[in-house]
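Containing mmCIF, C-alpha atoms: work-v5.cif.
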```
data_query
#
loop_
_atom_site.label_atom_id
_atom_site.label_comp_id
_atom_site.auth_asym_id
_atom_site.auth_seq_id
_atom_site.Cartn_x
_atom_site.Cartn_y
_atom_site.Cartn_z
CA MET A 1 6.16 -31.07 -56.93
CA ASN A 2 5.83 -30.66 -60.71
CA GLY A 3 6.45 -26.94 -60.36
CA THR A 4 3.15 -26.33 -58.56
CA GLN A 5 3.49 -23.87 -55.73
CA ILE A 6 1.88 -25.06 -52.49
CA SER A 7 -0.31 -22.33 -51.02
CA LEU A 8 -3.68 -21.76 -49.39
CA GLU A 9 -4.76 -19.91 -52.53
CA ASN A 10 -4.53 -23.22 -54.39
CA PRO A 11 -6.41 -25.82 -52.31
CA LYS A 12 -5.54 -28.66 -54.71
CA SER A 13 -1.84 -28.07 -54.14
CA LEU A 14 -2.25 -29.03 -50.47
CA SER A 15 -2.76 -32.66 -51.47
CA LYS A 16 1.02 -32.91 -51.89
CA LEU A 17 1.58 -32.31 -48.17
CA SER A 18 1.74 -34.81 -45.33
CA ASP A 19 -1.13 -34.69 -42.82
CA ASP A 20 0.90 -32.68 -40.30
CA GLU A 21 2.21 -30.27 -42.95
CA PHE A 22 -1.33 -29.90 -44.31
CA GLN A 23 -2.77 -29.04 -40.89
CA ALA A 24 0.13 -26.73 -40.01
CA LEU A 25 -0.39 -24.65 -43.17
CA LEU A 26 -4.12 -24.38 -42.52
CA LEU A 27 -3.48 -23.31 -38.92
CA GLU A 28 -1.14 -20.55 -40.07
CA GLY A 29 -3.91 -19.27 -42.32
CA VAL A 30 -6.76 -19.28 -39.83
CA SER A 31 -5.04 -18.55 -36.49
CA ARG A 32 -1.56 -17.17 -35.86
CA THR A 33 -1.99 -17.77 -32.13
CA PHE A 34 -2.77 -21.47 -32.41
CA ALA A 35 -0.21 -21.89 -35.17
CA LEU A 36 2.27 -20.72 -32.52
CA THR A 37 1.02 -22.70 -29.50
CA ILE A 38 -0.13 -26.07 -30.90
CA PRO A 39 3.36 -27.05 -32.23
CA GLN A 40 4.58 -26.86 -28.62
CA LEU A 41 2.63 -30.02 -27.87
CA PRO A 42 4.23 -33.50 -27.89
CA GLU A 43 4.21 -35.19 -31.28
CA LYS A 44 1.56 -37.70 -30.17
CA LEU A 45 -0.82 -34.86 -29.28
CA TYR A 46 -0.05 -32.40 -32.04
CA SER A 47 -2.09 -34.00 -34.83
CA ALA A 48 -5.24 -34.49 -32.75
CA VAL A 49 -5.20 -30.98 -31.26
CA ALA A 50 -4.45 -29.36 -34.62
CA ASN A 51 -7.31 -31.30 -36.17
CA ALA A 52 -9.60 -30.38 -33.28
CA TYR A 53 -8.89 -26.69 -33.77
CA LEU A 54 -9.64 -26.94 -37.51
CA LEU A 55 -12.95 -28.69 -36.79
CA CYS A 56 -13.90 -25.94 -34.34
CA ARG A 57 -12.87 -23.32 -36.86
CA ILE A 58 -15.25 -24.84 -39.40
CA VAL A 59 -18.11 -24.38 -36.92
CA ASP A 60 -16.93 -20.78 -36.35
CA THR A 61 -16.88 -20.19 -40.11
CA ILE A 62 -20.49 -21.33 -40.42
CA GLU A 63 -21.57 -19.19 -37.46
CA ASP A 64 -19.77 -16.07 -38.69
CA GLU A 65 -20.88 -16.29 -42.32
CA VAL A 66 -23.06 -13.24 -42.98
CA SER A 67 -24.70 -14.68 -46.10
CA LEU A 68 -26.26 -17.61 -44.22
CA SER A 69 -29.64 -17.29 -42.50
CA PRO A 70 -30.07 -18.57 -38.94
CA GLU A 71 -31.93 -21.57 -40.38
CA GLN A 72 -29.10 -22.34 -42.80
CA LYS A 73 -26.54 -22.05 -40.01
CA LYS A 74 -28.51 -24.45 -37.86
CA TYR A 75 -28.80 -26.86 -40.80
CA PHE A 76 -25.08 -26.82 -41.63
CA CYS A 77 -24.11 -27.14 -37.96
CA SER A 78 -26.37 -30.17 -37.59
CA GLU A 79 -25.00 -31.77 -40.76
CA PHE A 80 -21.43 -31.10 -39.69
CA ILE A 81 -22.00 -32.89 -36.37
CA ASN A 82 -22.97 -36.01 -38.34
CA VAL A 83 -19.99 -35.64 -40.68
CA VAL A 84 -17.55 -35.48 -37.76
CA LYS A 85 -19.18 -38.36 -35.90
CA THR A 86 -19.42 -40.72 -38.84
CA GLY A 87 -16.68 -39.59 -41.21
CA VAL A 88 -19.07 -39.87 -44.17
CA ASN A 89 -20.65 -37.32 -46.54
CA SER A 90 -17.85 -34.80 -46.03
CA GLU A 91 -17.50 -34.23 -49.78
CA PRO A 92 -21.19 -33.36 -50.42
CA PHE A 93 -21.18 -31.18 -47.30
CA ALA A 94 -18.19 -29.15 -48.52
CA VAL A 95 -19.59 -28.87 -52.03
CA GLU A 96 -22.89 -27.54 -50.65
CA LEU A 97 -21.35 -25.05 -48.21
CA ALA A 98 -18.36 -23.67 -50.14
CA PRO A 99 -20.30 -21.66 -52.81
CA LEU A 100 -22.36 -19.95 -50.09
CA LEU A 101 -19.38 -18.32 -48.37
CA SER A 102 -19.09 -14.58 -48.96
CA ASP A 103 -16.05 -12.36 -49.44
CA GLN A 104 -16.31 -11.35 -45.77
CA THR A 105 -15.08 -14.84 -44.85
CA ILE A 106 -11.28 -14.81 -45.02
CA PRO A 107 -9.61 -16.68 -47.92
CA ALA A 108 -8.00 -19.23 -45.58
CA GLU A 109 -11.44 -20.23 -44.29
CA HIS A 110 -12.71 -20.61 -47.87
CA THR A 111 -9.82 -23.01 -48.41
CA LEU A 112 -10.58 -24.81 -45.14
CA ILE A 113 -14.10 -25.58 -46.35
CA HIS A 114 -12.80 -26.75 -49.74
CA VAL A 115 -10.36 -29.20 -48.11
CA LEU A 116 -12.79 -30.22 -45.35
CA PRO A 117 -12.98 -33.84 -46.60
CA ARG A 118 -9.29 -34.34 -45.88
CA VAL A 119 -9.63 -32.74 -42.44
CA ILE A 120 -12.36 -35.29 -41.65
CA GLU A 121 -10.25 -38.09 -43.11
CA ILE A 122 -7.49 -37.17 -40.65
CA THR A 123 -10.03 -37.07 -37.78
CA HIS A 124 -10.95 -40.67 -38.39
CA LYS A 125 -7.36 -41.86 -38.28
CA PHE A 126 -7.24 -41.21 -34.53
CA ASP A 127 -8.05 -43.63 -31.71
CA PRO A 128 -11.78 -44.05 -30.91
CA ALA A 129 -11.37 -42.17 -27.61
CA GLN A 130 -9.79 -39.22 -29.42
CA ILE A 131 -12.49 -39.19 -32.09
CA GLU A 132 -15.15 -39.26 -29.35
CA ALA A 133 -13.53 -36.28 -27.60
CA LEU A 134 -13.41 -34.27 -30.84
CA ALA A 135 -16.94 -35.21 -31.90
CA CYS A 136 -18.37 -34.37 -28.46
CA CYS A 137 -16.78 -30.92 -28.57
CA VAL A 138 -18.03 -30.21 -32.09
CA GLU A 139 -21.53 -31.38 -31.16
CA THR A 140 -21.67 -29.13 -28.08
CA MET A 141 -20.35 -26.13 -29.98
CA ALA A 142 -22.48 -26.66 -33.10
CA GLU A 143 -25.67 -27.17 -31.08
CA GLY A 144 -25.02 -24.28 -28.70
CA MET A 145 -23.79 -21.48 -30.92
CA PRO A 146 -26.89 -21.27 -33.19
CA ILE A 147 -28.99 -20.46 -30.10
CA TYR A 148 -27.51 -16.97 -30.17
CA GLN A 149 -28.17 -16.35 -33.87
CA ALA A 150 -31.84 -15.55 -33.27
CA MET A 151 -31.18 -13.34 -30.21
CA ASP A 152 -31.09 -9.55 -30.18
CA LEU A 153 -27.66 -8.99 -28.66
CA ARG A 154 -27.42 -5.23 -29.04
CA GLY A 155 -28.13 -4.81 -25.32
CA GLY A 156 -25.87 -7.62 -24.16
CA LEU A 157 -26.73 -10.88 -22.44
CA PRO A 158 -29.13 -10.69 -19.47
CA THR A 159 -26.89 -12.16 -16.77
CA LEU A 160 -23.40 -13.42 -16.01
CA SER A 161 -24.89 -16.92 -15.98
CA ASP A 162 -25.92 -16.39 -19.62
CA MET A 163 -22.39 -15.28 -20.42
CA ASP A 164 -21.08 -18.42 -18.68
CA LYS A 165 -23.25 -20.57 -20.94
CA TYR A 166 -22.12 -18.77 -24.08
CA CYS A 167 -18.47 -19.11 -23.04
CA TYR A 168 -19.01 -22.82 -22.42
CA TYR A 169 -20.39 -23.34 -25.92
CA VAL A 170 -17.51 -21.53 -27.63
CA ALA A 171 -14.55 -22.24 -25.32
CA GLY A 172 -15.36 -24.30 -22.23
CA CYS A 173 -16.22 -27.39 -24.28
CA VAL A 174 -12.90 -26.96 -26.10
CA GLY A 175 -11.16 -26.97 -22.73
CA GLU A 176 -12.94 -30.20 -21.81
CA MET A 177 -11.88 -31.78 -25.09
CA LEU A 178 -8.24 -30.82 -24.52
CA ALA A 179 -8.37 -32.27 -21.00
CA LYS A 180 -9.71 -35.54 -22.44
CA LEU A 181 -6.96 -35.63 -25.06
CA PHE A 182 -4.27 -34.92 -22.45
CA CYS A 183 -5.62 -37.71 -20.22
CA HIS A 184 -5.71 -40.11 -23.17
CA TYR A 185 -2.10 -39.23 -23.91
CA SER A 186 -0.80 -39.78 -20.36
CA THR A 187 -1.94 -42.08 -17.53
CA GLU A 188 -0.07 -39.77 -15.16
CA ILE A 189 -2.17 -36.80 -16.27
CA ALA A 190 -5.31 -38.97 -16.17
CA GLN A 191 -4.91 -39.35 -12.39
CA HIS A 192 -6.32 -35.81 -12.16
CA ARG A 193 -8.99 -36.31 -14.84
CA GLU A 194 -12.06 -35.08 -12.92
CA GLN A 195 -10.32 -32.02 -11.51
CA LEU A 196 -8.85 -31.18 -14.92
CA LEU A 197 -12.26 -31.48 -16.61
CA THR A 198 -13.80 -29.08 -14.09
CA LEU A 199 -10.95 -26.57 -14.28
CA SER A 200 -10.82 -26.79 -18.06
CA VAL A 201 -14.26 -25.15 -18.35
CA SER A 202 -13.03 -22.24 -16.24
CA PHE A 203 -9.79 -22.08 -18.28
CA GLY A 204 -11.81 -21.77 -21.48
CA GLN A 205 -14.09 -19.16 -19.94
CA GLY A 206 -11.15 -17.03 -18.80
CA LEU A 207 -9.71 -16.98 -22.31
CA GLN A 208 -13.09 -16.29 -23.91
CA MET A 209 -13.97 -13.50 -21.46
CA THR A 210 -10.62 -11.88 -22.26
CA ASN A 211 -11.45 -11.99 -25.97
CA ILE A 212 -14.94 -10.59 -25.35
CA LEU A 213 -13.53 -7.68 -23.34
CA LYS A 214 -10.83 -6.98 -25.94
CA ASP A 215 -13.34 -7.07 -28.81
CA ILE A 216 -16.18 -5.04 -27.24
CA TRP A 217 -16.04 -2.30 -29.84
CA ASP A 218 -15.46 -4.54 -32.87
CA ASP A 219 -18.56 -6.49 -31.81
CA ALA A 220 -20.52 -3.28 -31.19
CA GLN A 221 -19.95 -2.21 -34.80
CA ARG A 222 -21.71 -5.45 -35.82
CA GLY A 223 -24.59 -4.72 -33.46
CA VAL A 224 -23.52 -7.41 -30.99
CA CYS A 225 -22.65 -7.24 -27.30
CA TRP A 226 -21.64 -10.26 -25.23
CA LEU A 227 -21.40 -8.43 -21.90
CA PRO A 228 -23.82 -9.37 -19.06
CA GLN A 229 -26.32 -6.64 -18.16
CA ASP A 230 -26.64 -7.66 -14.50
CA ILE A 231 -23.01 -6.69 -13.83
CA PHE A 232 -23.66 -3.24 -15.31
CA THR A 233 -27.06 -2.84 -13.65
CA GLU A 234 -25.15 -3.03 -10.38
CA THR A 235 -22.87 -0.17 -11.48
CA GLY A 236 -25.70 1.89 -13.01
CA PHE A 237 -25.14 1.50 -16.76
CA ASP A 238 -27.55 0.22 -19.44
CA LEU A 239 -25.75 -1.71 -22.20
CA LYS A 240 -28.42 -0.61 -24.69
CA ASN A 241 -26.73 2.80 -24.54
CA LEU A 242 -23.30 1.41 -25.41
CA THR A 243 -21.56 3.02 -28.41
CA PRO A 244 -17.87 3.52 -29.33
CA GLU A 245 -18.36 7.10 -28.11
CA THR A 246 -19.40 5.92 -24.63
CA ASN A 247 -17.48 7.74 -21.91
CA ASP A 248 -19.14 6.64 -18.70
CA GLU A 249 -17.55 5.93 -15.33
CA ASN A 250 -20.30 3.43 -14.47
CA PHE A 251 -19.50 1.46 -17.62
CA ARG A 252 -15.81 1.41 -16.78
CA LYS A 253 -16.61 0.18 -13.28
CA GLY A 254 -18.57 -2.71 -14.81
CA LEU A 255 -15.57 -3.53 -17.00
CA GLU A 256 -13.38 -3.63 -13.91
CA HIS A 257 -15.73 -6.15 -12.33
CA LEU A 258 -15.64 -8.39 -15.42
CA ILE A 259 -11.84 -8.17 -15.49
CA SER A 260 -11.85 -9.35 -11.87
CA ILE A 261 -14.07 -12.32 -12.75
CA ALA A 262 -11.90 -13.20 -15.76
CA HIS A 263 -8.85 -13.06 -13.49
CA ASP A 264 -10.46 -15.66 -11.19
CA HIS A 265 -11.01 -17.97 -14.16
CA LEU A 266 -7.41 -17.51 -15.26
CA HIS A 267 -6.28 -18.41 -11.74
CA ASN A 268 -8.13 -21.70 -12.24
CA ALA A 269 -6.23 -22.02 -15.52
CA LEU A 270 -3.00 -21.71 -13.55
CA ILE A 271 -4.09 -24.48 -11.15
CA TYR A 272 -5.01 -26.62 -14.19
CA THR A 273 -1.55 -26.12 -15.66
CA GLN A 274 0.15 -26.89 -12.37
CA LEU A 275 -1.59 -30.29 -12.34
CA ILE A 276 0.24 -31.19 -15.56
CA PRO A 277 3.51 -33.00 -14.66
CA ALA A 278 6.50 -30.65 -14.76
CA HIS A 279 8.31 -32.87 -17.25
CA GLU A 280 5.48 -32.39 -19.80
CA THR A 281 6.98 -29.10 -20.89
CA GLY A 282 5.22 -29.07 -24.24
CA ILE A 283 1.74 -29.27 -22.72
CA ARG A 284 2.68 -26.73 -20.06
CA ASN A 285 3.99 -24.34 -22.72
CA PHE A 286 0.76 -24.75 -24.69
CA CYS A 287 -1.29 -23.80 -21.62
CA LEU A 288 1.03 -21.15 -20.20
CA TRP A 289 1.44 -19.19 -23.43
CA ALA A 290 -2.33 -18.84 -23.76
CA LEU A 291 -2.65 -18.01 -20.05
CA GLY A 292 0.18 -15.48 -20.07
CA MET A 293 -1.10 -13.63 -23.12
CA ALA A 294 -4.60 -13.47 -21.61
CA VAL A 295 -3.30 -12.01 -18.33
CA LEU A 296 -1.27 -9.38 -20.20
CA THR A 297 -4.30 -8.51 -22.33
CA LEU A 298 -6.45 -8.04 -19.21
CA ARG A 299 -3.73 -5.82 -17.74
CA LYS A 300 -3.74 -3.67 -20.84
CA ILE A 301 -7.54 -3.36 -20.76
CA LYS A 302 -7.45 -2.44 -17.05
CA GLN A 303 -4.85 0.25 -17.79
CA ASN A 304 -6.93 1.62 -20.70
CA LEU A 305 -10.55 1.33 -19.59
CA ASP A 306 -11.49 4.18 -21.94
CA PHE A 307 -10.27 2.33 -25.05
CA ASN A 308 -12.60 2.25 -28.07
CA LYS A 309 -10.67 0.02 -30.50
CA SER A 310 -9.37 -3.51 -29.95
CA SER A 311 -6.03 -2.47 -31.44
CA GLN A 312 -5.50 -0.20 -28.43
CA VAL A 313 -5.40 -3.17 -26.05
CA LYS A 314 -3.71 -5.71 -28.28
CA ILE A 315 -0.51 -6.94 -26.66
CA SER A 316 2.74 -6.29 -28.48
CA ARG A 317 5.12 -8.82 -29.99
CA ASN A 318 7.49 -8.01 -27.15
CA SER A 319 4.79 -9.05 -24.68
CA VAL A 320 4.40 -12.34 -26.52
CA LYS A 321 8.17 -12.84 -26.39
CA ALA A 322 8.16 -11.99 -22.67
CA THR A 323 5.45 -14.61 -22.08
CA ILE A 324 7.53 -17.24 -23.88
CA LEU A 325 10.66 -16.26 -21.96
CA ALA A 326 8.87 -16.36 -18.59
CA THR A 327 7.56 -19.82 -19.46
CA LYS A 328 11.08 -21.03 -20.19
CA VAL A 329 12.31 -19.66 -16.87
CA ALA A 330 9.43 -20.77 -14.64
CA GLY A 331 7.51 -23.37 -16.61
CA ARG A 332 8.63 -26.38 -14.57
CA SER A 333 8.26 -24.72 -11.15
CA ASN A 334 4.77 -24.43 -9.68
CA SER A 335 5.91 -21.99 -7.02
CA MET A 336 7.54 -19.68 -9.58
CA LEU A 337 4.45 -19.87 -11.78
CA SER A 338 2.30 -18.83 -8.82
CA LEU A 339 4.65 -15.93 -8.13
CA PHE A 340 4.67 -14.76 -11.76
CA PHE A 341 0.86 -15.00 -11.95
CA SER A 342 0.51 -13.04 -8.71
CA LEU A 343 2.83 -10.29 -9.94
CA ALA A 344 1.30 -10.07 -13.42
CA GLY A 345 -2.29 -10.04 -12.17
CA ARG A 346 -1.94 -8.11 -8.92
CA LYS A 347 -4.04 -5.14 -10.11
CA LEU A 348 -6.72 -7.13 -11.92
CA LYS A 349 -8.87 -7.88 -8.89
CA THR A 350 -11.51 -5.34 -7.82
CA PRO A 351 -11.00 -4.64 -4.09
CA ASP A 352 -14.00 -5.24 -1.81
CA TRP A 353 -16.16 -6.67 -4.61
CA THR A 354 -17.10 -10.28 -5.37
CA TYR A 355 -19.53 -12.09 -7.60
CA THR A 356 -19.78 -15.68 -6.48
CA THR A 357 -21.00 -18.26 -8.97
CA PRO A 358 -19.20 -21.59 -9.49
CA SER A 359 -17.76 -21.68 -13.02
CA SER A 360 -18.43 -25.42 -13.16
CA LYS A 361 -22.16 -24.63 -13.08
CA SER A 362 -21.90 -23.12 -16.56
CA LYS A 363 -22.15 -26.61 -18.00
CA SER A 364 -24.61 -28.20 -15.61
CA ASP A 365 -27.09 -25.31 -15.88
CA LEU A 366 -27.42 -25.62 -19.65
#
```
Once more with this new file: its structure as structure tokens, please.
Amino acid sequence: MNGTQISLENPKSLSKLSDDEFQALLLEGVSRTFALTIPQLPEKLYSAVANAYLLCRIVDTIEDEVSLSPEQKKYFCSEFINVVKTGVNSEPFAVELAPLLSDQTIPAEHTLIHVLPRVIEITHKFDPAQIEALACCVETMAEGMPIYQAMDLRGGLPTLSDMDKYCYYVAGCVGEMLAKLFCHYSTEIAQHREQLLTLSVSFGQGLQMTNILKDIWDDAQRGVCWLPQDIFTETGFDLKNLTPETNDENFRKGLEHLISIAHDHLHNALIYTQLIPAHETGIRNFCLWALGMAVLTLRKIKQNLDFNKSSQVKISRNSVKATILATKVAGRSNSMLSLFFSLAGRKLKTPDWTYTTPSSKSKSDL
């Protein structure tokens, strides 16, 4: 190692690492959650899924960068699609983007952009079907997310259908990509390909809706609201009046309705997971940990509808440990998983209220 310490603060030092070590260190820097869940996957899936997450994180970095104009974001997203598809021009792309990142972008994401050429190099070591799955996801995300850059989101999105579309761009397409990778990995899993692809969109939406609900007030401080106005029109609240000081029963009722919808999506996530063969414990763990933490987060939001900081509804480390333990106990049994889900989510549904719109439409209506 020639005495050089390997760290994210020194991007050049990462060249000493193997591909898997390189991706693992980057994951730890940009997402503790995925750094925890992705290693649960079988060895033959780990590299592709880790790489996929890093590619998606690059798109997120572009979208979240405050120093870039909407036009610049659209330009870099378009260029990145070509880089991922072809594997060429990654070096000039990184050199052009890296100096434009501000201090508001976390250091690990600065490093991710600096080492982007190696991330792309790893992408193009995979099978053509895997590369196609990754490139399709990046293209959908990078074409969809800039749509929202020019929108005034202080008053939320107009309808739940609009929220569906947003969730598809940022999470549903990721779910589809994972389903494709799982089917490529296993012919047994591929027997359920069409059902998994449909459910995967709902899985992604359930996770994304949970994040949106948890982060309402963080987003509001940035002048952004991802909630759908039509849900709150029904309860008698105008999202244009939303502030961290809001104390309104009609707003809380709208939140309850969105929690109920998110619960339905997470139930589809459970069905998705139950279609994975019981002996594929790594893939099941990957799915169940994300599902379990989302359900517990929704429970905490439902119990604290008057919260005004995301930290107030963040689940504890003990809750994470409980999710992992429950997965070990019930992960191979579909009936036990159904029981655990029913018990954990029993108060998340809003009695005598429904909003019926097929989650699979979120893609076809785009």
>> What's around Thr123 of chain A at 12 Å? Count all atoms listed in the file, leave out sequence neighbours fewer than 2 positions away in its own chain, and write the answer as a ChimeraX atom specification.
In response: /A:19,23,47-55,83-88,90,116-121,125-135,138
> Residues picked by the PyMOL selection byres ((chain A and resi 341) around 12) here, as a VMD selection string?
Replying inline: chain A and resid 263 to 264 266 to 271 273 to 274 288 291 to 296 299 323 326 to 327 330 to 331 334 to 340 342 to 348
>> I need the output of the PyMOL selection byres ((chain A and resi 350) around 10) for this file as a ChimeraX atom specification; which residues are they?
In response: /A:253,256-261,263,347-349,351-354
>> Restricting the calculation to all atoms listed in the file: of A:Asn285, A:Ser69, A:Asn304, A:Asn10, which residue gets closest to Ile324 of chain A?
In response: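 Smallest distance to Ile324 of chain A is found for A:Asn285.
For the pair atom CA of Val66 of chain A and atom CA of Leu101 of chain A, the separation is 8.3 Å.
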> Quick one: of A:Cys167, A:Val320, A:Ile81, A:Ala262, who's nearest to Lys302 of chain A, counting all atoms listed in the file?
Replying inline: A:Ala262
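The space separating atom CA of Thr140 of chain A from atom CA of Tyr169 of chain A comes to 6.3 Å.
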> Any chance you could work out the residue set of the PyMOL selection byres ((chain A and resi 70-78) around 8) here, as a list in words?
Replying inline: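 Output of the PyMOL selection byres ((chain A and resi 70-78) around 8): Val59, Ile62, Glu63, Leu68, Ser69, Glu79, Phe80, Ile81, Asn82, Leu97, Ala142, Glu143, Pro146, Gln149 and Ala150 of chain A.
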Write out, as a JSON list (two decimals), in the coordinates of the input, the residues just selected, with C-alpha atoms.
```json
[["chain", "number", "residue", "atom", "x", "y", "z"],
["A", 59, "VAL", "CA", -18.11, -24.38, -36.92],
["A", 62, "ILE", "CA", -20.49, -21.33, -40.42],
["A", 63, "GLU", "CA", -21.57, -19.19, -37.46],
["A", 68, "LEU", "CA", -26.26, -17.61, -44.22],
["A", 69, "SER", "CA", -29.64, -17.29, -42.50],
["A", 79, "GLU", "CA", -25.00, -31.77, -40.76],
["A", 80, "PHE", "CA", -21.43, -31.10, -39.69],
["A", 81, "ILE", "CA", -22.00, -32.89, -36.37],
["A", 82, "ASN", "CA", -22.97, -36.01, -38.34],
["A", 97, "LEU", "CA", -21.35, -25.05, -48.21],
["A", 142, "ALA", "CA", -22.48, -26.66, -33.10],
["A", 143, "GLU", "CA", -25.67, -27.17, -31.08],
["A", 146, "PRO", "CA", -26.89, -21.27, -33.19],
["A", 149, "GLN", "CA", -28.17, -16.35, -33.87],
["A", 150, "ALA", "CA", -31.84, -15.55, -33.27]]
```
Missing atoms of segment 219-232 of chain A rebuilt to N, CA, C and O atoms, written as a tab-separated table (two decimals), keeping the file's coordinate frame:
```tsv
chain	number	residue	atom	x	y	z
A	219	ASP	N	-17.25	-5.85	-31.85
A	219	ASP	CA	-18.56	-6.49	-31.81
A	219	ASP	C	-19.68	-5.45	-31.90
A	219	ASP	O	-20.69	-5.66	-32.59
A	220	ALA	N	-19.49	-4.32	-31.20
A	220	ALA	CA	-20.52	-3.28	-31.19
A	220	ALA	C	-20.80	-2.75	-32.60
A	220	ALA	O	-21.94	-2.43	-32.94
A	221	GLN	N	-19.76	-2.68	-33.42
A	221	GLN	CA	-19.95	-2.21	-34.80
A	221	GLN	C	-20.82	-3.17	-35.60
A	221	GLN	O	-21.44	-2.77	-36.58
A	222	ARG	N	-20.86	-4.45	-35.15
A	222	ARG	CA	-21.71	-5.45	-35.82
A	222	ARG	C	-23.08	-5.56	-35.15
A	222	ARG	O	-23.88	-6.42	-35.50
A	223	GLY	N	-23.32	-4.68	-34.17
A	223	GLY	CA	-24.59	-4.72	-33.46
A	223	GLY	C	-24.70	-5.85	-32.47
A	223	GLY	O	-25.79	-6.35	-32.19
A	224	VAL	N	-23.55	-6.28	-31.93
A	224	VAL	CA	-23.52	-7.41	-30.99
A	224	VAL	C	-22.80	-7.00	-29.72
A	224	VAL	O	-21.80	-6.27	-29.75
A	225	CYS	N	-23.31	-7.46	-28.58
A	225	CYS	CA	-22.65	-7.24	-27.30
A	225	CYS	C	-22.78	-8.50	-26.46
A	225	CYS	O	-23.88	-9.01	-26.25
A	226	TRP	N	-21.65	-9.02	-26.01
A	226	TRP	CA	-21.64	-10.26	-25.23
A	226	TRP	C	-21.49	-10.00	-23.73
A	226	TRP	O	-21.30	-10.93	-22.95
A	227	LEU	N	-21.56	-8.75	-23.31
A	227	LEU	CA	-21.40	-8.43	-21.90
A	227	LEU	C	-22.70	-8.72	-21.14
A	227	LEU	O	-23.79	-8.63	-21.71
A	228	PRO	N	-22.62	-9.06	-19.85
A	228	PRO	CA	-23.82	-9.37	-19.06
A	228	PRO	C	-24.40	-8.12	-18.39
A	228	PRO	O	-23.71	-7.42	-17.66
A	229	GLN	N	-25.69	-7.86	-18.67
A	229	GLN	CA	-26.32	-6.64	-18.16
A	229	GLN	C	-26.35	-6.59	-16.63
A	229	GLN	O	-26.23	-5.50	-16.05
A	230	ASP	N	-26.49	-7.73	-15.95
A	230	ASP	CA	-26.64	-7.66	-14.50
A	230	ASP	C	-25.40	-7.06	-13.82
A	230	ASP	O	-25.52	-6.36	-12.82
A	231	ILE	N	-24.23	-7.29	-14.39
A	231	ILE	CA	-23.01	-6.69	-13.83
A	231	ILE	C	-23.07	-5.16	-13.95
A	231	ILE	O	-22.67	-4.43	-13.05
A	232	PHE	N	-23.61	-4.69	-15.06
A	232	PHE	CA	-23.66	-3.24	-15.31
A	232	PHE	C	-24.88	-2.59	-14.65
A	232	PHE	O	-24.85	-1.39	-14.35
```
